[in-house]
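Inspection log for the structure reproduced underneath, given as structure tokens.
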Amino acid sequence: MKHMLNEEERHFILCLGKLEAEIGLLLGKLTLLCDAKTDGSFLVHHFLSFYLKANCKVCFVALIQSFSHYNIVGQKLGVSLTAARECGQLVFLEGLKSSVDVFFRAQAEPHPLQFLREADAGNLQPLYEFVREALKPADDGQAAWRCPVLLVDDLSVLLSLGMGAVAVLDFIHYCRAAVCWEQKGNIVALVHDSGDAEDEENDILLNGLSHQSHLILRAEGLATGFCRDVHGQLKILWRTPSQPAAHRDRSLTYQYKIQDKSVSFFAKGMSPAIL
């Protein structure tokens, strides 16, 4: 018997298409990715492949995994990070490898992660300068790429390395001025929500970014625990800070299952495994 789509399923399909369209049309905006009691890295991989396929210039500050890891996942999603880096479309800062250079190799110029060697480092200016240089317009005035994009995975690591939440928020503020406002580009950043009420710095960072963001994607683990067919739920929040509070926010919640080369999304309770 042919399955007929009900109203909720039709609404879900329309909203997914609208989300993809709005992500593609976002210019000069900050998108916040957040994960709580689950791994939200699949969102990072999605945005990385999405912007590379869209012919955008991407500066990727990767503080969690190695270049080879992102490249392997990218190949499954249909993009080659190696080719993108060779042609100048992708500027990749590998935090794991760069941290070794900071400690054990002499630097002629300040390193983007210079704060690792400075006990009293109070800002991330070298990292900001790296981002601004990586995404600056071409000298000939011709735009080789569609728009500049800064992608960070993830900002919570900077707190673990000793930076304060205010310093990280200042870094994002200056990046927004350079990337979003001046060049009409986008910023996508992942922040981990530890759920620890005593982690004040992480709360300050998460709340501060939430107020600045135009789109928030929050991946959460299931309250019921592990499930083979449903890996978690994704809350989508569109924000328009300039609008009155009553019309400012719109939100939707879907469940998802991570597959080898894709992620399946469906309305709550509509997993194919239970229908």
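Labels for the structure tokens follow display order: chains A, B, ..., residues from 1 in each chain, ligands from 1.
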
Alpha helix (DSSP H) per DSSP on the backbone: members of region 159-221 of chain A, as number ranges by chain: A: 159-160, 165-175, 200-212

Those residues you just picked out, can you put them in a file as a compact mmCIF listing (two decimals), in the first residue's frame with N, CA, C and O atoms?
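Writing done, so here's part.txt:
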# COMPACT_ATOMS: atom_id res chain seq x y z
N LEU A 159 38.78 27.77 25.16
CA LEU A 159 38.60 27.89 26.61
C LEU A 159 39.44 26.86 27.35
O LEU A 159 40.05 27.16 28.38
N SER A 160 39.50 25.65 26.82
CA SER A 160 40.29 24.59 27.45
C SER A 160 41.78 24.91 27.42
O SER A 160 42.53 24.44 28.28
N ALA A 165 36.38 33.51 28.05
CA ALA A 165 35.22 33.62 27.16
C ALA A 165 35.14 35.00 26.51
O ALA A 165 34.78 35.13 25.33
N VAL A 166 35.48 36.03 27.27
CA VAL A 166 35.41 37.39 26.73
C VAL A 166 36.41 37.55 25.58
O VAL A 166 36.10 38.18 24.55
N ALA A 167 37.61 36.97 25.72
CA ALA A 167 38.60 37.05 24.65
C ALA A 167 38.12 36.33 23.39
O ALA A 167 38.34 36.80 22.27
N VAL A 168 37.46 35.20 23.55
CA VAL A 168 36.94 34.46 22.40
C VAL A 168 35.80 35.23 21.74
O VAL A 168 35.71 35.29 20.51
N LEU A 169 34.94 35.84 22.55
CA LEU A 169 33.85 36.66 22.01
C LEU A 169 34.40 37.87 21.27
O LEU A 169 33.86 38.27 20.22
N ASP A 170 35.47 38.47 21.79
CA ASP A 170 36.11 39.58 21.10
C ASP A 170 36.66 39.13 19.75
O ASP A 170 36.56 39.86 18.74
N PHE A 171 37.26 37.95 19.72
CA PHE A 171 37.79 37.39 18.47
C PHE A 171 36.68 37.25 17.43
O PHE A 171 36.84 37.66 16.27
N ILE A 172 35.54 36.69 17.83
CA ILE A 172 34.42 36.54 16.91
C ILE A 172 33.88 37.90 16.48
O ILE A 172 33.50 38.10 15.32
N HIS A 173 33.86 38.85 17.41
CA HIS A 173 33.37 40.20 17.08
C HIS A 173 34.23 40.82 15.98
O HIS A 173 33.69 41.37 15.00
N TYR A 174 35.54 40.74 16.11
CA TYR A 174 36.42 41.32 15.09
C TYR A 174 36.34 40.54 13.78
O TYR A 174 36.42 41.14 12.70
N CYS A 175 36.16 39.23 13.87
CA CYS A 175 36.00 38.43 12.65
C CYS A 175 34.70 38.79 11.93
O CYS A 175 34.65 38.84 10.70
N GLU A 200 31.18 28.36 34.06
CA GLU A 200 30.67 29.69 33.75
C GLU A 200 31.23 30.24 32.45
O GLU A 200 30.53 30.92 31.69
N GLU A 201 32.51 29.97 32.18
CA GLU A 201 33.13 30.50 30.97
C GLU A 201 32.45 29.97 29.72
O GLU A 201 32.18 30.70 28.77
N ASN A 202 32.14 28.68 29.71
CA ASN A 202 31.48 28.09 28.54
C ASN A 202 30.06 28.65 28.38
O ASN A 202 29.59 28.88 27.26
N ASP A 203 29.38 28.88 29.52
CA ASP A 203 28.03 29.46 29.46
C ASP A 203 28.07 30.88 28.91
O ASP A 203 27.20 31.27 28.11
N ILE A 204 29.07 31.65 29.32
CA ILE A 204 29.21 33.02 28.82
C ILE A 204 29.44 33.01 27.31
O ILE A 204 28.84 33.78 26.56
N LEU A 205 30.31 32.10 26.86
CA LEU A 205 30.61 32.00 25.43
C LEU A 205 29.38 31.58 24.64
O LEU A 205 29.04 32.20 23.63
N LEU A 206 28.69 30.56 25.12
CA LEU A 206 27.53 30.04 24.41
C LEU A 206 26.40 31.06 24.35
O LEU A 206 25.78 31.29 23.30
N ASN A 207 26.13 31.71 25.47
CA ASN A 207 25.06 32.72 25.50
C ASN A 207 25.42 33.94 24.65
O ASN A 207 24.55 34.50 23.96
N GLY A 208 26.68 34.35 24.72
CA GLY A 208 27.11 35.51 23.94
C GLY A 208 26.98 35.27 22.44
O GLY A 208 26.50 36.13 21.69
N LEU A 209 27.38 34.09 21.98
CA LEU A 209 27.28 33.76 20.57
C LEU A 209 25.84 33.57 20.14
O LEU A 209 25.46 33.91 19.01
N SER A 210 25.02 33.02 21.03
CA SER A 210 23.61 32.81 20.71
C SER A 210 22.91 34.12 20.41
O SER A 210 22.08 34.22 19.50
N HIS A 211 23.23 35.17 21.16
CA HIS A 211 22.60 36.47 20.96
C HIS A 211 23.05 37.12 19.66
O HIS A 211 22.33 37.95 19.09
N GLN A 212 24.25 36.76 19.17
CA GLN A 212 24.78 37.36 17.94
C GLN A 212 24.38 36.58 16.69
O GLN A 212 24.47 37.11 15.58

Give me, as JSON lines, each residue of region 93-189 of chain A that comes within 8 Å of region 53-67 of chain A, together with its shortest interatomic pair and the distance in Å at one decimal, counting only C-alpha atoms, with rows ordered by chain and rising residue number.
{"residue": "A:Leu93", "atom": "CA", "partner": "A:Val61", "partner_atom": "CA", "distance": 4.9}
{"residue": "A:Glu94", "atom": "CA", "partner": "A:Ala62", "partner_atom": "CA", "distance": 5.3}
{"residue": "A:Gly95", "atom": "CA", "partner": "A:Leu63", "partner_atom": "CA", "distance": 4.5}
{"residue": "A:Leu96", "atom": "CA", "partner": "A:Leu63", "partner_atom": "CA", "distance": 6.4}
{"residue": "A:Lys97", "atom": "CA", "partner": "A:Ser66", "partner_atom": "CA", "distance": 7.7}
{"residue": "A:Val131", "atom": "CA", "partner": "A:Cys59", "partner_atom": "CA", "distance": 6.7}
{"residue": "A:Ala134", "atom": "CA", "partner": "A:Cys59", "partner_atom": "CA", "distance": 6.5}
{"residue": "A:Leu135", "atom": "CA", "partner": "A:Cys59", "partner_atom": "CA", "distance": 6.8}
{"residue": "A:Trp145", "atom": "CA", "partner": "A:Cys56", "partner_atom": "CA", "distance": 5.1}
{"residue": "A:Arg146", "atom": "CA", "partner": "A:Cys56", "partner_atom": "CA", "distance": 4.8}
{"residue": "A:Cys147", "atom": "CA", "partner": "A:Cys56", "partner_atom": "CA", "distance": 5.0}
{"residue": "A:Pro148", "atom": "CA", "partner": "A:Lys57", "partner_atom": "CA", "distance": 4.7}
{"residue": "A:Val149", "atom": "CA", "partner": "A:Val58", "partner_atom": "CA", "distance": 4.8}
{"residue": "A:Leu150", "atom": "CA", "partner": "A:Cys59", "partner_atom": "CA", "distance": 4.9}
{"residue": "A:Leu151", "atom": "CA", "partner": "A:Phe60", "partner_atom": "CA", "distance": 4.8}
{"residue": "A:Val152", "atom": "CA", "partner": "A:Val61", "partner_atom": "CA", "distance": 4.8}
{"residue": "A:Asp153", "atom": "CA", "partner": "A:Ala62", "partner_atom": "CA", "distance": 5.1}
{"residue": "A:Asp154", "atom": "CA", "partner": "A:Leu63", "partner_atom": "CA", "distance": 6.1}
{"residue": "A:Val157", "atom": "CA", "partner": "A:Leu63", "partner_atom": "CA", "distance": 6.8}

Put those residues in a file: all heavy atoms, as a CSV table (one decimal), in the first residue's frame.
chain,number,residue,atom,x,y,z
A,93,LEU,N,44.0,25.8,8.9
A,93,LEU,CA,44.8,25.9,10.1
A,93,LEU,C,44.6,24.7,10.9
A,93,LEU,O,43.6,24.5,11.5
A,93,LEU,CB,44.5,27.2,10.9
A,93,LEU,CG,45.3,27.3,12.2
A,93,LEU,CD1,46.8,27.4,11.9
A,93,LEU,CD2,44.8,28.5,13.0
A,94,GLU,N,45.6,23.8,10.9
A,94,GLU,CA,45.6,22.5,11.6
A,94,GLU,C,46.1,22.8,13.1
A,94,GLU,O,47.3,22.8,13.3
A,94,GLU,CB,46.3,21.5,10.9
A,94,GLU,CG,46.2,20.1,11.5
A,94,GLU,CD,46.8,19.0,10.6
A,94,GLU,OE1,47.2,19.3,9.5
A,94,GLU,OE2,46.8,17.8,11.1
A,95,GLY,N,45.1,22.9,14.0
A,95,GLY,CA,45.5,23.2,15.4
A,95,GLY,C,46.4,22.2,16.0
A,95,GLY,O,47.4,22.5,16.7
A,96,LEU,N,46.2,20.9,15.8
A,96,LEU,CA,46.9,19.8,16.4
A,96,LEU,C,48.4,19.9,16.0
A,96,LEU,O,49.3,19.8,16.8
A,96,LEU,CB,46.4,18.5,16.0
A,96,LEU,CG,44.9,18.2,16.6
A,96,LEU,CD1,44.5,16.8,16.1
A,96,LEU,CD2,44.9,18.2,18.1
A,97,LYS,N,48.6,20.2,14.7
A,97,LYS,CA,50.0,20.2,14.2
A,97,LYS,C,50.6,21.6,14.5
A,97,LYS,O,51.8,21.7,14.8
A,97,LYS,CB,50.0,20.0,12.7
A,97,LYS,CG,51.3,20.0,12.0
A,97,LYS,CD,51.2,19.8,10.5
A,97,LYS,CE,52.6,19.8,9.8
A,97,LYS,NZ,52.5,19.5,8.4
A,131,VAL,N,43.1,35.0,10.0
A,131,VAL,CA,41.8,34.9,9.4
A,131,VAL,C,41.6,36.0,8.4
A,131,VAL,O,41.2,35.8,7.2
A,131,VAL,CB,40.7,34.9,10.4
A,131,VAL,CG1,39.3,35.0,9.7
A,131,VAL,CG2,40.7,33.6,11.2
A,134,ALA,N,43.8,35.5,5.4
A,134,ALA,CA,43.4,34.3,4.6
A,134,ALA,C,42.2,34.7,3.7
A,134,ALA,O,42.1,34.1,2.6
A,134,ALA,CB,43.1,33.1,5.5
A,135,LEU,N,41.3,35.5,4.2
A,135,LEU,CA,40.1,35.8,3.5
A,135,LEU,C,40.0,37.2,2.8
A,135,LEU,O,39.0,37.6,2.3
A,135,LEU,CB,38.9,35.7,4.4
A,135,LEU,CG,38.6,34.3,5.0
A,135,LEU,CD1,37.5,34.4,6.0
A,135,LEU,CD2,38.4,33.3,3.9
A,145,TRP,N,36.2,33.7,-6.0
A,145,TRP,CA,35.3,32.9,-5.2
A,145,TRP,C,34.0,33.6,-4.9
A,145,TRP,O,33.9,34.8,-4.9
A,145,TRP,CB,36.0,32.4,-3.9
A,145,TRP,CG,37.3,31.9,-4.2
A,145,TRP,CD1,38.5,32.5,-3.8
A,145,TRP,CD2,37.7,30.7,-4.9
A,145,TRP,NE1,39.6,31.7,-4.2
A,145,TRP,CE2,39.1,30.6,-4.9
A,145,TRP,CE3,37.0,29.7,-5.5
A,145,TRP,CZ2,39.8,29.6,-5.4
A,145,TRP,CZ3,37.7,28.6,-6.1
A,145,TRP,CH2,39.1,28.6,-6.0
A,146,ARG,N,33.0,32.8,-4.6
A,146,ARG,CA,31.6,33.4,-4.4
A,146,ARG,C,31.6,34.3,-3.2
A,146,ARG,O,31.1,35.5,-3.3
A,146,ARG,CB,30.6,32.3,-4.2
A,146,ARG,CG,29.2,32.7,-4.1
A,146,ARG,CD,28.3,31.6,-4.0
A,146,ARG,NE,26.9,32.0,-3.7
A,146,ARG,CZ,25.9,31.1,-3.5
A,146,ARG,NH1,26.2,29.8,-3.4
A,146,ARG,NH2,24.7,31.6,-3.3
A,147,CYS,N,32.0,33.9,-2.0
A,147,CYS,CA,32.0,34.8,-0.8
A,147,CYS,C,33.0,34.1,0.2
A,147,CYS,O,33.2,32.9,0.2
A,147,CYS,CB,30.6,35.0,-0.3
A,147,CYS,SG,29.9,33.5,0.5
A,148,PRO,N,33.5,34.9,1.1
A,148,PRO,CA,34.4,34.3,2.1
A,148,PRO,C,33.7,33.7,3.3
A,148,PRO,O,32.6,34.2,3.6
A,148,PRO,CB,35.2,35.5,2.6
A,148,PRO,CG,34.3,36.7,2.4
A,148,PRO,CD,33.5,36.4,1.1
A,149,VAL,N,34.2,32.6,3.8
A,149,VAL,CA,33.6,31.9,4.9
A,149,VAL,C,34.6,31.5,5.9
A,149,VAL,O,35.7,31.0,5.6
A,149,VAL,CB,32.8,30.6,4.4
A,149,VAL,CG1,32.3,29.9,5.6
A,149,VAL,CG2,31.7,31.0,3.5
A,150,LEU,N,34.4,31.8,7.2
A,150,LEU,CA,35.2,31.4,8.3
A,150,LEU,C,34.5,30.2,9.0
A,150,LEU,O,33.3,30.4,9.4
A,150,LEU,CB,35.5,32.5,9.3
A,150,LEU,CG,36.1,32.1,10.6
A,150,LEU,CD1,37.5,31.5,10.4
A,150,LEU,CD2,36.2,33.3,11.5
A,151,LEU,N,35.2,29.1,9.2
A,151,LEU,CA,34.6,27.9,9.8
A,151,LEU,C,35.5,27.5,11.0
A,151,LEU,O,36.7,27.4,10.8
A,151,LEU,CB,34.5,26.8,8.8
A,151,LEU,CG,33.9,25.4,9.3
A,151,LEU,CD1,32.5,25.7,9.9
A,151,LEU,CD2,33.9,24.4,8.2
A,152,VAL,N,35.0,27.4,12.2
A,152,VAL,CA,35.8,27.1,13.4
A,152,VAL,C,35.3,25.8,14.0
A,152,VAL,O,34.1,25.8,14.4
A,152,VAL,CB,35.8,28.3,14.4
A,152,VAL,CG1,36.7,27.9,15.5
A,152,VAL,CG2,36.2,29.6,13.7
A,153,ASP,N,36.1,24.9,14.3
A,153,ASP,CA,35.8,23.6,15.0
A,153,ASP,C,36.9,23.3,16.1
A,153,ASP,O,37.9,22.9,15.7
A,153,ASP,CB,35.7,22.5,14.0
A,153,ASP,CG,35.3,21.2,14.6
A,153,ASP,OD1,34.7,21.2,15.7
A,153,ASP,OD2,35.6,20.1,14.0
A,154,ASP,N,36.6,23.5,17.4
A,154,ASP,CA,35.5,24.3,17.8
A,154,ASP,C,36.0,25.3,18.8
A,154,ASP,O,37.1,25.2,19.3
A,154,ASP,CB,34.4,23.4,18.4
A,154,ASP,CG,34.7,22.7,19.7
A,154,ASP,OD1,35.2,23.4,20.7
A,154,ASP,OD2,34.5,21.5,19.9
A,157,VAL,N,37.4,24.7,22.5
A,157,VAL,CA,38.8,24.3,22.7
A,157,VAL,C,39.7,25.4,23.2
A,157,VAL,O,40.6,25.3,24.0
A,157,VAL,CB,39.4,23.7,21.4
A,157,VAL,CG1,40.9,23.4,21.6
A,157,VAL,CG2,38.7,22.4,21.1

CA of Leu237 (chain A) to CA of Leu124 (chain A), straight-line distance in Å: 28.6 Å

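When only C-alpha atoms are used to measure the gap to His231 (chain A), the shortest distance among A:Thr82, A:Ser68, A:Thr38, A:Gln125 belongs to A:Thr38.
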
Backbone-only DSSP, strand (DSSP E) members of region 72-173 of chain A, as number ranges by chain: A: 90-94, 148-153

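CA of Lys261 (chain A) sits 13.7 Å away from CA of Ser41 (chain A).
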
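Proximity of A:Ile72, A:Val188, A:Ala138, A:Ala83 to Tyr51 (chain A), computed with only C-alpha atoms, is greatest for A:Val188.
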